[in-house]
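Take a look at the structure below.
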Amino acid sequence: MLDGRSAAEREGMHPFVSLMRTYCIDYTNTHDQTLYDEIMEPDYVVHISGFDLERDVSYGPAVTDLYGRAPGLGLVVHEFVLNGDRLCMRFSEHASMPLPDGSRALACWRGIGLYKWNGRRLTENYVEQDYLAMSEQLATGTPRPLEPPHLDPWMATEVVQADPAAEDAVRAWLLRGDLADAGHLTIDDSPIGRPYEPVLDVADVVVNDLFSAGPRVPFHATLRGPYRGGILDVPDTHKGTEITLNVVGIADVGEGGAVTSLQAVTTRATARMMLTGASPI
């Protein structure tokens, strides 16, 4: 370490990306929880599946439990969106997971996270993972294909300045409550060929986090409204019941402020838990 920077930073890696490299490789993929003081502030909080997990009180123990159940769990980075002050990571996790009968099955599931930092360590994260897709794979014994990783996201990611107009466009689009109103959609497991079908009639939208890097706008929002069907193992008798669905995504804004493409993950597994009591993981 010279002049306070790592060798990678001296070669051109952005310090936020350098921090995420440690987060992804040295912490997540190596399962080294001793790095918390290096990469996260003590009051770091993770917002996921409707829960607010504090670093040492609830987040750390939850990760310890996950690593115990999935000792080979790994994370693959598909892309970063960076404006210098904020960063979004689109990723997949994959693992051999235990089944109730004592056997194990492979699964691969998508996630998107919006990260905040203070110039040194992470302070907050809005993230969701497609746990319903994971549950489906464990039930069928057939894992989904893993999307190819980003080719060197550490050195290839560049800072793109924020665009307030793009942020305004995506905020207004979110408040209309129609995720399907985009030119190209990748929501949850839709890439396997099933068209996206909303699972609720949106009556209320709260935008929890949002930022931009040029025309790319990562966001996290909470949708509320009556359940309309379509979630695995939820009987149709629950249709019309009020549910909450979180969605995290990356919206691309084009001419006239239209959302031209969307990558998103929703909390269908948490909605299922609300309706039936089934574990979200």
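Letters A, B, ... go to the chains of the structure tokens in the order shown; residues in each chain start at 1; ligands are counted from 1 in the same order.
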Item to check | Residue contacts of Ala278 (chain A) (12 Å, only C-alpha atoms) excluding same-chain residues fewer than 2 positions away, as a list in words | outcome: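 Here the qualifying residues turn out to be Tyr131, Leu132, Ser135, Ile231, Leu232, Asp233, Val234, Arg268, Ala269, Thr270, Ala271, Arg272, Met273, Met274, Leu275, Thr276, Pro280 and Ile281 of chain A.
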Once you have the residues from the selection above, write them out as an mmCIF file, in the first residue's frame, restricted to N, CA and C atoms.
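The file below, again28.cif, is the result:
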data_model
loop_
_atom_site.group_PDB
_atom_site.id
_atom_site.type_symbol
_atom_site.label_atom_id
_atom_site.label_comp_id
_atom_site.auth_asym_id
_atom_site.auth_seq_id
_atom_site.Cartn_x
_atom_site.Cartn_y
_atom_site.Cartn_z
ATOM 1 N N TYR A 131 -35.369 -15.428 -4.557
ATOM 2 C CA TYR A 131 -35.430 -16.653 -3.769
ATOM 3 C C TYR A 131 -36.530 -17.594 -4.245
ATOM 4 N N LEU A 132 -37.552 -17.077 -4.912
ATOM 5 C CA LEU A 132 -38.584 -17.976 -5.422
ATOM 6 C C LEU A 132 -38.020 -18.849 -6.543
ATOM 7 N N SER A 135 -36.140 -21.569 -4.914
ATOM 8 C CA SER A 135 -37.035 -22.598 -4.388
ATOM 9 C C SER A 135 -37.535 -23.522 -5.488
ATOM 10 N N ILE A 231 -47.961 -16.843 -8.071
ATOM 11 C CA ILE A 231 -46.810 -17.196 -7.250
ATOM 12 C C ILE A 231 -46.864 -18.683 -6.914
ATOM 13 N N LEU A 232 -45.722 -19.340 -7.054
ATOM 14 C CA LEU A 232 -45.603 -20.767 -6.795
ATOM 15 C C LEU A 232 -46.179 -21.147 -5.442
ATOM 16 N N ASP A 233 -47.046 -22.184 -5.441
ATOM 17 C CA ASP A 233 -47.590 -22.794 -4.214
ATOM 18 C C ASP A 233 -48.533 -21.881 -3.433
ATOM 19 N N VAL A 234 -49.026 -20.825 -4.055
ATOM 20 C CA VAL A 234 -50.019 -19.968 -3.399
ATOM 21 C C VAL A 234 -51.389 -20.270 -3.997
ATOM 22 N N ARG A 268 -41.084 -12.115 -4.651
ATOM 23 C CA ARG A 268 -42.229 -13.027 -4.714
ATOM 24 C C ARG A 268 -42.218 -14.027 -3.565
ATOM 25 N N ALA A 269 -41.021 -14.458 -3.150
ATOM 26 C CA ALA A 269 -40.936 -15.428 -2.052
ATOM 27 C C ALA A 269 -41.434 -14.826 -0.743
ATOM 28 N N THR A 270 -41.157 -13.541 -0.522
ATOM 29 C CA THR A 270 -41.654 -12.880 0.680
ATOM 30 C C THR A 270 -43.166 -12.722 0.624
ATOM 31 N N ALA A 271 -43.694 -12.404 -0.563
ATOM 32 C CA ALA A 271 -45.150 -12.325 -0.723
ATOM 33 C C ALA A 271 -45.788 -13.679 -0.437
ATOM 34 N N ARG A 272 -45.155 -14.748 -0.908
ATOM 35 C CA ARG A 272 -45.663 -16.094 -0.622
ATOM 36 C C ARG A 272 -45.691 -16.363 0.880
ATOM 37 N N MET A 273 -44.643 -15.920 1.579
ATOM 38 C CA MET A 273 -44.602 -16.096 3.033
ATOM 39 C C MET A 273 -45.751 -15.352 3.697
ATOM 40 N N MET A 274 -46.047 -14.137 3.226
ATOM 41 C CA MET A 274 -47.153 -13.365 3.790
ATOM 42 C C MET A 274 -48.485 -14.100 3.638
ATOM 43 N N LEU A 275 -48.651 -14.785 2.502
ATOM 44 C CA LEU A 275 -49.930 -15.410 2.186
ATOM 45 C C LEU A 275 -50.080 -16.808 2.777
ATOM 46 N N THR A 276 -48.962 -17.559 2.839
ATOM 47 C CA THR A 276 -49.066 -18.970 3.229
ATOM 48 C C THR A 276 -48.221 -19.357 4.435
ATOM 49 N N PRO A 280 -39.301 -17.888 3.087
ATOM 50 C CA PRO A 280 -38.908 -17.201 1.862
ATOM 51 C C PRO A 280 -37.607 -17.729 1.268
ATOM 52 N N ILE A 281 -36.848 -18.540 2.014
ATOM 53 C CA ILE A 281 -35.580 -19.077 1.534
ATOM 54 C C ILE A 281 -35.616 -20.598 1.626
#
Item to check | Contact residues around Ala105 (chain A) with only C-alpha atoms at 10 Å, ignoring same-chain residues under 4 positions, as a VMD selection string | outcome: chain A and resid 95 to 99 137 to 143
Would you write out those residues with C-alpha atoms, as a compact mmCIF listing (two decimals), in the first residue's frame?
# COMPACT_ATOMS: atom_id res chain seq x y z
CA ALA A 95 -24.81 -23.08 -4.43
CA SER A 96 -25.57 -26.62 -3.49
CA MET A 97 -28.41 -26.26 -0.98
CA PRO A 98 -29.72 -28.79 1.56
CA LEU A 99 -33.12 -30.43 1.08
CA GLN A 137 -34.94 -25.15 -8.74
CA LEU A 138 -34.57 -27.02 -5.45
CA ALA A 139 -38.07 -28.48 -5.86
CA THR A 140 -37.46 -29.69 -9.42
CA GLY A 141 -33.78 -30.62 -9.07
CA THR A 142 -32.99 -28.66 -12.22
CA PRO A 143 -30.73 -25.60 -11.81
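In terms of minimum interatomic distance to Ala203 (chain A), A:Arg176 ranks closest within A:His220, A:Arg55, A:His184, A:Arg176, counting only C-alpha atoms.
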Checklist entry - So how many Å separate CA of Thr186 (chain A) and CA of Gly225 (chain A), to one decimal? => result 21.9 Å
Item to check | Surrounding residues of region 151-153 of chain A excluding itself and chain neighbours under 3 positions, 12 Å, only C-alpha atoms, as a ChimeraX atom specification | outcome: /A:13-14,16-18,20-21,24,76-82,89-91,148,156-158
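Picture a line from CA of Leu210 (chain A) to CA of Tyr23 (chain A); it runs 21.7 Å.
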Checklist entry - Quick one: distance from CA of Pro15 (chain A) to CA of Glu41 (chain A) in Å, one decimal? => result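 Computing the Euclidean distance for CA of Pro15 (chain A) and CA of Glu41 (chain A) yields 16.0 Å.
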Item to check | Residue among A:Glu167, A:Glu124, A:Asp130, A:Asp101 lying closest to Val207 (chain A), counting only C-alpha atoms | outcome: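 Among A:Glu167, A:Glu124, A:Asp130, A:Asp101, it is A:Glu167 that comes nearest to Val207 (chain A).
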Item to check | Residues within 8 Å of Arg216 (chain A), only C-alpha atoms, excluding chain neighbours under 5 positions, as a VMD selection string | outcome: chain A and resid 81 166 250 to 253
Next, the residues of the selection above should be written as a PDB file, in the first residue's frame with C-alpha atoms.
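In the end it all went to result.pdb:
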ATOM      1  CA  VAL A  81     -23.381   0.823 -12.440  1.00  0.00           C
ATOM      2  CA  ALA A 166     -33.222  10.332 -15.978  1.00  0.00           C
ATOM      3  CA  ILE A 250     -31.852  -1.038 -13.260  1.00  0.00           C
ATOM      4  CA  ALA A 251     -33.929   1.024 -15.684  1.00  0.00           C
ATOM      5  CA  ASP A 252     -32.450   2.452 -18.879  1.00  0.00           C
ATOM      6  CA  VAL A 253     -33.929   5.742 -20.047  1.00  0.00           C
TER       7      VAL A 253
END
Next on the checklist: Here is a test: counting only C-alpha atoms, which residue of A:Asp32, A:Asp181, A:Asp201, A:Asp163 is nearest to Leu245 (chain A)?
Outcome noted: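 Between A:Asp32, A:Asp181, A:Asp201, A:Asp163, the residue approaching Leu245 (chain A) most closely is A:Asp201.
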Next on the checklist: Which residues are close to region 62-66 of chain A, i.e. within 9 Å by only C-alpha atoms, leaving aside same-chain residues fewer than 5 positions away? Reply as an NGL selection string.
Outcome noted: :A and (31 or 33 or 53 or 71 or 73)
Write to file, as a PDB file, in the first residue's frame, the residues of the selection just made, with N, CA and C atoms.
ATOM      1  N   HIS A  31     -16.023 -16.517   2.084  1.00  0.00           N
ATOM      2  CA  HIS A  31     -16.802 -16.708   3.324  1.00  0.00           C
ATOM      3  C   HIS A  31     -16.024 -16.219   4.549  1.00  0.00           C
ATOM      4  N   GLN A  33     -15.912 -13.715   7.195  1.00  0.00           N
ATOM      5  CA  GLN A  33     -16.662 -12.684   7.898  1.00  0.00           C
ATOM      6  C   GLN A  33     -15.804 -11.843   8.834  1.00  0.00           C
ATOM      7  N   LEU A  53     -31.588  -5.454   8.225  1.00  0.00           N
ATOM      8  CA  LEU A  53     -30.633  -6.273   8.948  1.00  0.00           C
ATOM      9  C   LEU A  53     -29.416  -5.440   9.343  1.00  0.00           C
ATOM     10  N   PRO A  71     -21.926 -24.292   2.056  1.00  0.00           N
ATOM     11  CA  PRO A  71     -20.493 -23.994   2.205  1.00  0.00           C
ATOM     12  C   PRO A  71     -19.783 -23.700   0.900  1.00  0.00           C
ATOM     13  N   LEU A  73     -21.214 -21.772  -1.533  1.00  0.00           N
ATOM     14  CA  LEU A  73     -21.901 -20.640  -2.167  1.00  0.00           C
ATOM     15  C   LEU A  73     -20.908 -19.666  -2.799  1.00  0.00           C
TER      16      LEU A  73
END
Checklist entry - Which one is closest to Asp178 (chain A): A:Pro164, A:Gly230, A:Gly214, A:Pro198? Count only C-alpha atoms. => result A:Pro198
Checklist entry - Using only C-alpha atoms, which residue out of A:Tyr126, A:Val217, A:Val199, A:Gly183 lies closest to His238 (chain A)? => result A:Val199
Checklist entry - With only C-alpha atoms as the atoms that count, which of A:Leu179, A:Val46, A:Ile243, A:Ala213 lies nearest to Leu200 (chain A)? => result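 Of A:Leu179, A:Val46, A:Ile243, A:Ala213, the one nearest Leu200 (chain A), counting only C-alpha atoms, is A:Ile243.
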Checklist entry - Gly254 (chain A): which residues within 9 Å, counting only C-alpha atoms, same-chain residues fewer than 6 positions away excluded, as a list in words? => result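 Contacts, in chain order: Ala166, Pro215, Thr260 and Ser261 of chain A.
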Next on the checklist: Just want the 7 Å neighbourhood of Lys239 (chain A), counted on only C-alpha atoms, with same-chain residues fewer than 3 positions away dropped. Output as JSON, numbers by chain.
Outcome noted: {"A": [227, 228, 229, 236]}
